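Q: Input structure: model_15.cif, which contains mmCIF, C-alpha atoms.
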```cif
data_start
#
loop_
_atom_site.group_PDB
_atom_site.id
_atom_site.type_symbol
_atom_site.label_atom_id
_atom_site.label_comp_id
_atom_site.auth_asym_id
_atom_site.auth_seq_id
_atom_site.Cartn_x
_atom_site.Cartn_y
_atom_site.Cartn_z
ATOM 1 C CA MET A 169 -1.629 32.154 10.093
ATOM 2 C CA SER A 170 1.684 31.831 11.955
ATOM 3 C CA ALA A 171 0.733 28.285 12.995
ATOM 4 C CA LEU A 172 -0.160 27.454 9.373
ATOM 5 C CA PHE A 173 3.180 28.836 8.182
ATOM 6 C CA ALA A 174 5.031 26.748 10.770
ATOM 7 C CA PHE A 175 3.063 23.718 9.585
ATOM 8 C CA LYS A 176 4.286 24.355 6.036
ATOM 9 C CA LEU A 177 7.881 24.448 7.228
ATOM 10 C CA THR A 178 7.689 21.168 9.171
ATOM 11 C CA LEU A 179 5.163 18.805 7.571
ATOM 12 C CA VAL A 180 6.647 18.508 4.087
ATOM 13 C CA PRO A 181 10.319 18.189 5.193
ATOM 14 C CA PHE A 182 9.320 15.396 7.571
ATOM 15 C CA PHE A 183 7.603 13.476 4.756
ATOM 16 C CA ILE A 184 10.523 14.013 2.384
ATOM 17 C CA LEU A 185 13.058 12.863 4.991
ATOM 18 C CA ALA A 186 11.109 9.685 5.748
ATOM 19 C CA LEU A 187 10.660 8.749 2.076
ATOM 20 C CA SER A 188 14.261 9.607 1.227
ATOM 21 C CA LEU A 189 15.612 7.275 3.886
ATOM 22 C CA ALA A 190 13.226 4.540 2.744
ATOM 23 C CA GLY A 191 14.342 4.991 -0.850
ATOM 24 C CA ARG A 192 17.995 4.741 0.109
ATOM 25 C CA ARG A 193 17.278 1.471 1.861
ATOM 26 C CA TRP A 194 15.316 -0.219 -0.937
ATOM 27 C CA GLY A 195 16.767 1.201 -4.153
ATOM 28 C CA THR A 196 15.954 3.613 -6.961
ATOM 29 C CA ALA A 197 12.839 1.903 -8.346
ATOM 30 C CA VAL A 198 11.211 1.869 -4.912
ATOM 31 C CA SER A 199 12.444 5.404 -4.311
ATOM 32 C CA GLY A 200 10.691 6.587 -7.469
ATOM 33 C CA TRP A 201 7.493 4.829 -6.430
ATOM 34 C CA LEU A 202 7.663 6.515 -3.013
ATOM 35 C CA VAL A 203 8.207 9.936 -4.590
ATOM 36 C CA ALA A 204 4.892 9.376 -6.400
ATOM 37 C CA LEU A 205 3.122 9.601 -3.042
ATOM 38 C CA PRO A 206 1.440 13.017 -2.594
ATOM 39 C CA VAL A 207 3.872 14.189 0.090
ATOM 40 C CA VAL A 208 4.466 17.530 -1.670
ATOM 41 C CA ALA A 209 1.411 17.931 -3.912
ATOM 42 C CA GLY A 210 -0.995 16.947 -1.139
ATOM 43 C CA PRO A 211 0.179 19.554 1.389
ATOM 44 C CA ILE A 212 0.232 22.235 -1.322
ATOM 45 C CA VAL A 213 -3.456 21.736 -2.151
ATOM 46 C CA PHE A 214 -4.273 21.330 1.547
ATOM 47 C CA PHE A 215 -2.735 24.703 2.378
ATOM 48 C CA ILE A 216 -4.408 26.253 -0.674
ATOM 49 C CA GLY A 217 -7.722 25.000 0.633
ATOM 50 C CA MET A 218 -7.056 26.352 4.118
ATOM 51 C CA GLU A 219 -6.188 29.773 2.714
ATOM 52 C CA GLN A 220 -8.478 30.059 -0.321
ATOM 53 C CA GLY A 221 -11.503 27.936 0.590
ATOM 54 C CA GLU A 222 -13.087 24.613 -0.336
ATOM 55 C CA ALA A 223 -14.266 25.584 -3.833
ATOM 56 C CA PHE A 224 -10.765 26.743 -4.775
ATOM 57 C CA ALA A 225 -9.280 23.504 -3.405
ATOM 58 C CA ALA A 226 -11.768 21.409 -5.393
ATOM 59 C CA GLY A 227 -10.814 23.168 -8.629
ATOM 60 C CA ALA A 228 -7.111 22.815 -7.875
ATOM 61 C CA ALA A 229 -7.531 19.101 -7.093
ATOM 62 C CA ARG A 230 -9.327 18.500 -10.403
ATOM 63 C CA ALA A 231 -6.562 20.282 -12.287
ATOM 64 C CA THR A 232 -3.873 18.404 -10.350
ATOM 65 C CA ILE A 233 -5.272 15.115 -11.643
ATOM 66 C CA ALA A 234 -4.884 16.400 -15.205
ATOM 67 C CA GLY A 235 -1.435 17.750 -14.314
ATOM 68 C CA LEU A 236 -0.219 14.206 -13.679
ATOM 69 C CA ALA A 237 -0.064 13.919 -17.470
ATOM 70 C CA SER A 238 2.567 16.683 -17.498
ATOM 71 C CA LEU A 239 4.605 14.878 -14.851
ATOM 72 C CA ALA A 240 4.419 11.728 -16.961
ATOM 73 C CA VAL A 241 5.642 13.718 -19.982
ATOM 74 C CA TYR A 242 8.569 15.029 -17.917
ATOM 75 C CA SER A 243 9.493 11.452 -16.996
ATOM 76 C CA LEU A 244 9.281 10.183 -20.564
ATOM 77 C CA VAL A 245 11.336 13.013 -22.069
ATOM 78 C CA TYR A 246 13.984 12.809 -19.340
ATOM 79 C CA CYS A 247 14.353 9.050 -19.797
ATOM 80 C CA ARG A 248 14.635 9.228 -23.555
ATOM 81 C CA VAL A 249 17.288 11.935 -23.439
ATOM 82 C CA ALA A 250 19.130 10.194 -20.577
ATOM 83 C CA LEU A 251 19.698 7.180 -22.820
ATOM 84 C CA ARG A 252 22.224 9.233 -24.799
ATOM 85 C CA ILE A 253 23.494 12.214 -22.808
ATOM 86 C CA GLY A 254 23.954 13.567 -19.284
ATOM 87 C CA TRP A 255 21.655 14.938 -16.607
ATOM 88 C CA VAL A 256 21.772 18.634 -17.586
ATOM 89 C CA PRO A 257 20.200 18.307 -21.059
ATOM 90 C CA SER A 258 17.943 15.546 -19.750
ATOM 91 C CA LEU A 259 16.617 17.849 -17.028
ATOM 92 C CA VAL A 260 16.180 20.818 -19.366
ATOM 93 C CA ALA A 261 14.320 18.657 -21.868
ATOM 94 C CA GLY A 262 12.169 17.104 -19.137
ATOM 95 C CA TRP A 263 11.204 20.488 -17.675
ATOM 96 C CA ALA A 264 10.444 21.791 -21.173
ATOM 97 C CA GLY A 265 8.120 18.830 -21.707
ATOM 98 C CA PHE A 266 6.365 19.507 -18.398
ATOM 99 C CA PHE A 267 5.784 23.203 -19.068
ATOM 100 C CA LEU A 268 4.719 22.644 -22.677
ATOM 101 C CA SER A 269 2.182 20.063 -21.538
ATOM 102 C CA THR A 270 0.981 22.436 -18.788
ATOM 103 C CA PHE A 271 0.614 25.260 -21.301
ATOM 104 C CA LEU A 272 -1.566 23.089 -23.529
ATOM 105 C CA LEU A 273 -3.660 21.746 -20.647
ATOM 106 C CA ASN A 274 -4.258 25.261 -19.332
ATOM 107 C CA ARG A 275 -6.084 26.060 -22.556
ATOM 108 C CA LEU A 276 -8.532 23.186 -22.023
ATOM 109 C CA PRO A 277 -11.546 23.629 -19.673
ATOM 110 C CA LEU A 278 -11.338 20.072 -18.357
ATOM 111 C CA THR A 279 -14.103 18.533 -16.267
ATOM 112 C CA LEU A 280 -13.326 15.980 -13.566
ATOM 113 C CA PRO A 281 -14.150 12.937 -15.781
ATOM 114 C CA GLN A 282 -12.043 14.400 -18.573
ATOM 115 C CA SER A 283 -9.136 15.002 -16.192
ATOM 116 C CA ILE A 284 -9.336 11.402 -14.969
ATOM 117 C CA ALA A 285 -9.417 10.014 -18.508
ATOM 118 C CA LEU A 286 -6.516 12.212 -19.595
ATOM 119 C CA ALA A 287 -4.359 11.247 -16.629
ATOM 120 C CA LEU A 288 -5.109 7.533 -17.030
ATOM 121 C CA PHE A 289 -4.333 7.591 -20.746
ATOM 122 C CA ALA A 290 -1.095 9.521 -20.191
ATOM 123 C CA LEU A 291 0.179 7.331 -17.353
ATOM 124 C CA VAL A 292 -0.495 4.061 -19.162
ATOM 125 C CA GLY A 293 0.849 5.345 -22.482
ATOM 126 C CA VAL A 294 4.003 6.847 -20.987
ATOM 127 C CA TYR A 295 4.776 3.756 -18.920
ATOM 128 C CA LEU A 296 4.598 1.612 -22.050
ATOM 129 C CA LEU A 297 6.937 4.016 -23.863
ATOM 130 C CA LEU A 298 9.532 4.277 -21.084
ATOM 131 C CA PRO A 299 12.829 2.543 -21.875
ATOM 132 C CA THR A 300 13.770 -0.532 -19.843
ATOM 133 C CA VAL A 301 17.180 -1.008 -18.266
ATOM 134 C CA ASP A 302 19.032 -3.744 -16.419
ATOM 135 C CA THR A 303 18.158 -4.639 -12.841
ATOM 136 C CA GLU A 304 19.851 -2.506 -10.207
ATOM 137 C CA ALA A 305 22.888 -4.249 -8.771
ATOM 138 C CA PHE A 306 23.716 -1.883 -5.905
ATOM 139 C CA PRO A 307 21.896 0.640 -3.678
ATOM 140 C CA PRO A 308 21.953 4.383 -4.389
ATOM 141 C CA ALA A 309 25.193 6.180 -3.549
ATOM 142 C CA THR A 310 24.442 9.896 -3.201
ATOM 143 C CA PRO A 311 25.923 12.501 -0.818
ATOM 144 C CA SER A 312 24.382 12.954 2.611
ATOM 145 C CA TRP A 313 23.398 16.574 1.942
ATOM 146 C CA GLU A 314 21.231 15.492 -1.012
ATOM 147 C CA ILE A 315 18.327 14.784 1.362
ATOM 148 C CA ALA A 316 18.620 18.289 2.833
ATOM 149 C CA ALA A 317 18.540 19.766 -0.673
ATOM 150 C CA ARG A 318 15.450 17.747 -1.496
ATOM 151 C CA MET A 319 13.726 18.907 1.698
ATOM 152 C CA ALA A 320 14.591 22.555 1.010
ATOM 153 C CA ALA A 321 13.311 22.322 -2.571
ATOM 154 C CA ALA A 322 10.034 20.811 -1.400
ATOM 155 C CA VAL A 323 9.493 23.557 1.202
ATOM 156 C CA GLY A 324 10.267 26.207 -1.399
ATOM 157 C CA MET A 325 7.693 24.725 -3.770
ATOM 158 C CA VAL A 326 5.025 24.672 -1.064
ATOM 159 C CA LEU A 327 5.659 28.312 -0.136
ATOM 160 C CA LEU A 328 5.775 29.427 -3.770
ATOM 161 C CA MET A 329 2.636 27.618 -4.902
ATOM 162 C CA THR A 330 0.544 28.674 -1.906
ATOM 163 C CA ALA A 331 1.638 32.293 -2.413
ATOM 164 C CA LEU A 332 0.799 32.259 -6.138
ATOM 165 C CA ALA A 333 -2.407 30.231 -5.883
ATOM 166 C CA ARG A 334 -4.878 33.137 -5.907
ATOM 167 C CA PRO A 335 -3.305 35.115 -8.821
ATOM 168 C CA LEU A 336 -2.853 31.925 -10.856
ATOM 169 C CA GLY A 337 -6.379 30.668 -10.206
ATOM 170 C CA PRO A 338 -7.389 27.120 -9.232
ATOM 171 C CA HIS A 339 -6.942 25.589 -12.693
ATOM 172 C CA LEU A 340 -3.400 26.759 -13.464
ATOM 173 C CA ALA A 341 -2.310 26.408 -9.836
ATOM 174 C CA GLY A 342 -3.539 22.817 -9.820
ATOM 175 C CA LEU A 343 -1.780 22.036 -13.104
ATOM 176 C CA LEU A 344 1.507 23.264 -11.617
ATOM 177 C CA VAL A 345 1.126 21.342 -8.345
ATOM 178 C CA PRO A 346 2.658 18.103 -9.792
ATOM 179 C CA PHE A 347 5.825 19.956 -10.850
ATOM 180 C CA PRO A 348 8.612 17.442 -10.103
ATOM 181 C CA VAL A 349 10.365 19.129 -7.183
ATOM 182 C CA ALA A 350 11.526 16.138 -5.137
ATOM 183 C CA ALA A 351 11.645 13.993 -8.288
ATOM 184 C CA THR A 352 13.997 16.473 -9.969
ATOM 185 C CA VAL A 353 16.438 16.559 -7.049
ATOM 186 C CA LEU A 354 16.377 12.787 -6.664
ATOM 187 C CA THR A 355 16.666 12.097 -10.387
ATOM 188 C CA VAL A 356 19.521 14.527 -10.939
ATOM 189 C CA PHE A 357 21.624 13.188 -8.062
ATOM 190 C CA THR A 358 20.893 9.600 -9.035
ATOM 191 C CA HIS A 359 21.803 10.297 -12.651
ATOM 192 C CA HIS A 360 24.998 12.142 -11.729
ATOM 193 C CA TYR A 361 26.319 9.590 -9.236
ATOM 194 C CA GLN A 362 24.948 6.312 -10.634
ATOM 195 C CA GLY A 363 24.307 6.939 -14.320
ATOM 196 C CA GLY A 364 21.353 7.241 -16.652
ATOM 197 C CA ALA A 365 20.148 3.671 -16.121
ATOM 198 C CA SER A 366 19.518 4.286 -12.414
ATOM 199 C CA ALA A 367 17.694 7.530 -13.205
ATOM 200 C CA ILE A 368 15.479 5.667 -15.672
ATOM 201 C CA ARG A 369 14.685 3.005 -13.066
ATOM 202 C CA LEU A 370 13.688 5.744 -10.653
ATOM 203 C CA LEU A 371 11.377 7.448 -13.128
ATOM 204 C CA ARG A 372 9.790 4.149 -14.122
ATOM 205 C CA GLY A 373 8.942 3.672 -10.455
ATOM 206 C CA LEU A 374 7.575 7.209 -10.299
ATOM 207 C CA VAL A 375 5.239 6.762 -13.264
ATOM 208 C CA ALA A 376 4.120 3.359 -11.989
ATOM 209 C CA GLY A 377 3.069 4.924 -8.677
ATOM 210 C CA LEU A 378 1.419 8.106 -9.945
ATOM 211 C CA TRP A 379 -2.021 6.516 -10.206
ATOM 212 C CA THR A 380 -2.201 6.481 -6.399
ATOM 213 C CA MET A 381 -1.702 10.241 -6.381
ATOM 214 C CA GLY A 382 -4.604 10.478 -8.805
ATOM 215 C CA ILE A 383 -6.810 8.543 -6.380
ATOM 216 C CA PHE A 384 -5.786 10.901 -3.566
ATOM 217 C CA PHE A 385 -6.844 14.005 -5.471
ATOM 218 C CA LEU A 386 -9.964 12.332 -6.830
ATOM 219 C CA VAL A 387 -11.145 11.879 -3.239
ATOM 220 C CA VAL A 388 -10.317 15.511 -2.461
ATOM 221 C CA ALA A 389 -12.039 16.857 -5.573
ATOM 222 C CA GLY A 390 -15.187 14.853 -4.868
ATOM 223 C CA THR A 391 -15.528 15.554 -1.149
ATOM 224 C CA VAL A 392 -13.819 18.788 -0.118
ATOM 225 C CA GLU A 393 -16.804 21.071 -0.769
ATOM 226 C CA ARG A 394 -19.125 18.810 1.232
ATOM 227 C CA LEU A 395 -16.844 17.668 4.053
ATOM 228 C CA GLY A 396 -14.470 20.588 4.411
ATOM 229 C CA VAL A 397 -10.700 20.679 3.955
ATOM 230 C CA GLY A 398 -9.690 18.747 7.073
ATOM 231 C CA ALA A 399 -12.131 15.847 6.735
ATOM 232 C CA SER A 400 -11.656 15.576 2.980
ATOM 233 C CA PHE A 401 -7.883 15.336 3.187
ATOM 234 C CA ALA A 402 -8.086 12.901 6.096
ATOM 235 C CA LEU A 403 -10.308 10.660 3.949
ATOM 236 C CA ALA A 404 -7.901 11.014 1.025
ATOM 237 C CA VAL A 405 -4.946 10.029 3.230
ATOM 238 C CA VAL A 406 -6.802 6.926 4.455
ATOM 239 C CA ALA A 407 -7.685 5.955 0.883
ATOM 240 C CA ASP A 408 -4.094 6.478 -0.255
ATOM 241 C CA LEU A 409 -2.683 4.389 2.608
ATOM 242 C CA LEU A 410 -5.143 1.563 1.941
ATOM 243 C CA ILE A 411 -4.379 1.550 -1.779
ATOM 244 C CA ASN A 412 -0.615 1.605 -1.282
ATOM 245 C CA GLY A 413 -0.824 -1.016 1.467
ATOM 246 C CA GLY A 414 -2.867 -3.222 -0.843
ATOM 247 C CA SER A 415 -0.362 -2.730 -3.663
ATOM 248 C CA LEU A 416 2.519 -3.681 -1.379
ATOM 249 C CA TRP A 417 0.643 -6.779 -0.189
ATOM 250 C CA VAL A 418 -0.034 -7.870 -3.788
ATOM 251 C CA VAL A 419 3.627 -7.405 -4.747
ATOM 252 C CA ARG A 420 4.804 -9.411 -1.744
ATOM 253 C CA ALA A 421 2.195 -12.106 -2.386
ATOM 254 C CA ARG A 422 3.341 -12.471 -5.983
ATOM 255 C CA HIS A 423 6.959 -12.961 -4.947
ATOM 256 C CA ARG A 424 6.428 -15.140 -1.877
ATOM 257 C CA PRO A 425 5.679 -18.400 -3.740
ATOM 258 C CA GLN A 426 8.857 -18.004 -5.780
ATOM 259 C CA ARG A 427 10.954 -17.611 -2.627
ATOM 260 C CA ASP A 428 9.195 -20.526 -0.939
ATOM 261 C CA LEU A 429 9.712 -22.754 -3.976
ATOM 262 C CA ARG A 430 13.372 -21.745 -4.145
ATOM 263 C CA GLY A 431 13.788 -22.671 -0.494
ATOM 264 C CA VAL A 432 12.202 -26.092 -1.055
ATOM 265 C CA VAL A 433 14.468 -26.803 -4.030
ATOM 266 C CA ASN A 434 17.580 -25.741 -2.108
ATOM 267 C CA GLY A 435 16.523 -27.888 0.835
ATOM 268 C CA ARG A 436 16.151 -30.941 -1.397
ATOM 269 C CA LYS A 437 19.574 -30.344 -2.925
ATOM 270 C CA LYS A 438 21.170 -30.149 0.509
ATOM 271 C CA SER A 439 19.450 -33.358 1.603
ATOM 272 C CA LEU A 440 20.780 -35.135 -1.462
#
```
Could you render the structure as structure tokens?

A:
Amino acid sequence: MSALFAFKLTLVPFFILALSLAGRRWGTAVSGWLVALPVVAGPIVFFIGMEQGEAFAAGAARATIAGLASLAVYSLVYCRVALRIGWVPSLVAGWAGFFLSTFLLNRLPLTLPQSIALALFALVGVYLLLPTVDTEAFPPATPSWEIAARMAAAVGMVLLMTALARPLGPHLAGLLVPFPVAATVLTVFTHHYQGGASAIRLLRGLVAGLWTMGIFFLVVAGTVERLGVGASFALAVVADLLINGGSLWVVRARHRPQRDLRGVVNGRKKSL
């Protein structure tokens, strides 16, 4: 148990640090997409499975898929409020949307297919409803201690959720797993230092990337009781890496011809 506790204190902060530095390098939209990776939610359900068993982990994973709808609601409400006012009311409204959605979902005995359909409908619908803003013209400018705050918040969420998992039960615990810990810290600091438009760009990236988190937990929900916690999560990590690698390759492939064509045109102008 002491080794498992030490793992909780080191694994998640390492993931958060790596993704935070990557987000600072490539901008708020990419940062939001990276936050959608299951670097907090995944370890929470993994530790729940190690402590509570495979059946509990399977139920939590199913509920986590449905809980992505609540995270999408948080993003939509925050963005809409951020168009008009500052980060404090935007955050309060976003959290209220998350918990209201969680309250409603907790009253529904969702099966795995129903959870998948709900999450897919919510993610597509919310993304279409998110406001659009101008292209980012400069990289994020947030204080250096913001990453430490994000890491501490993520560790606190892992410890809290794993401690409350058994009294909450697999369904409610799973619904609360997607609570926007790292997303809240990142969004608030981005909003405060760069304005509402940058926060909206970040949350658009988050919602756009949440489907990969759904795939991760779909693999866990479908295999953990047969393969065990370790093998199931290893398979989910491989699937998530392949999906995200494929997405990155597609994005780069779509933009490469434009860059190549631009280079050819510039070369012809210079020759003339």

Q: For Val213 (chain A), which residue out of A:Leu276, A:Ala231, A:Ile284, A:Ile368 is the nearest one, using all atoms listed in the file?

A: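 Checking each of A:Leu276, A:Ala231, A:Ile284, A:Ile368 against Val213 (chain A), counting all atoms listed in the file, the winner is A:Ala231.
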
Q: Suppose you want the space between CA of Ala350 (chain A) and CA of Ala285 (chain A); what is it in Å?

A: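 These atoms are spaced 25.6 Å apart.
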
Q: If we count only C-alpha atoms, what is near region 386-393 of chain A at a cut-off of 7 Å, once residues fewer than 5 positions away on the same chain are taken out, given as JSON, numbers by chain?

A: {"A": [222, 223, 226, 229, 230, 400, 401, 404]}

Q: To test your reading of the syntax: which residues would the PyMOL selection byres ((chain A and resi 317) around 12) return for the file shown? Reply as a ChimeraX atom specification.

A: /A:181,184-185,188,310-316,318-324,349-354,356-357

Q: What is the distance, in Å and to one decimal place, between CA of Thr300 (chain A) and CA of Arg369 (chain A)?

A: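 Going from CA of Thr300 (chain A) over to CA of Arg369 (chain A), I get 7.7 Å.
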
Q: Could you tell me how far CA of Gly254 (chain A) sits from CA of Tyr361 (chain A), in Å to one decimal place?

A: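 Spanning CA of Tyr361 (chain A) to CA of Gly254 (chain A) is a straight-line distance of 11.1 Å.
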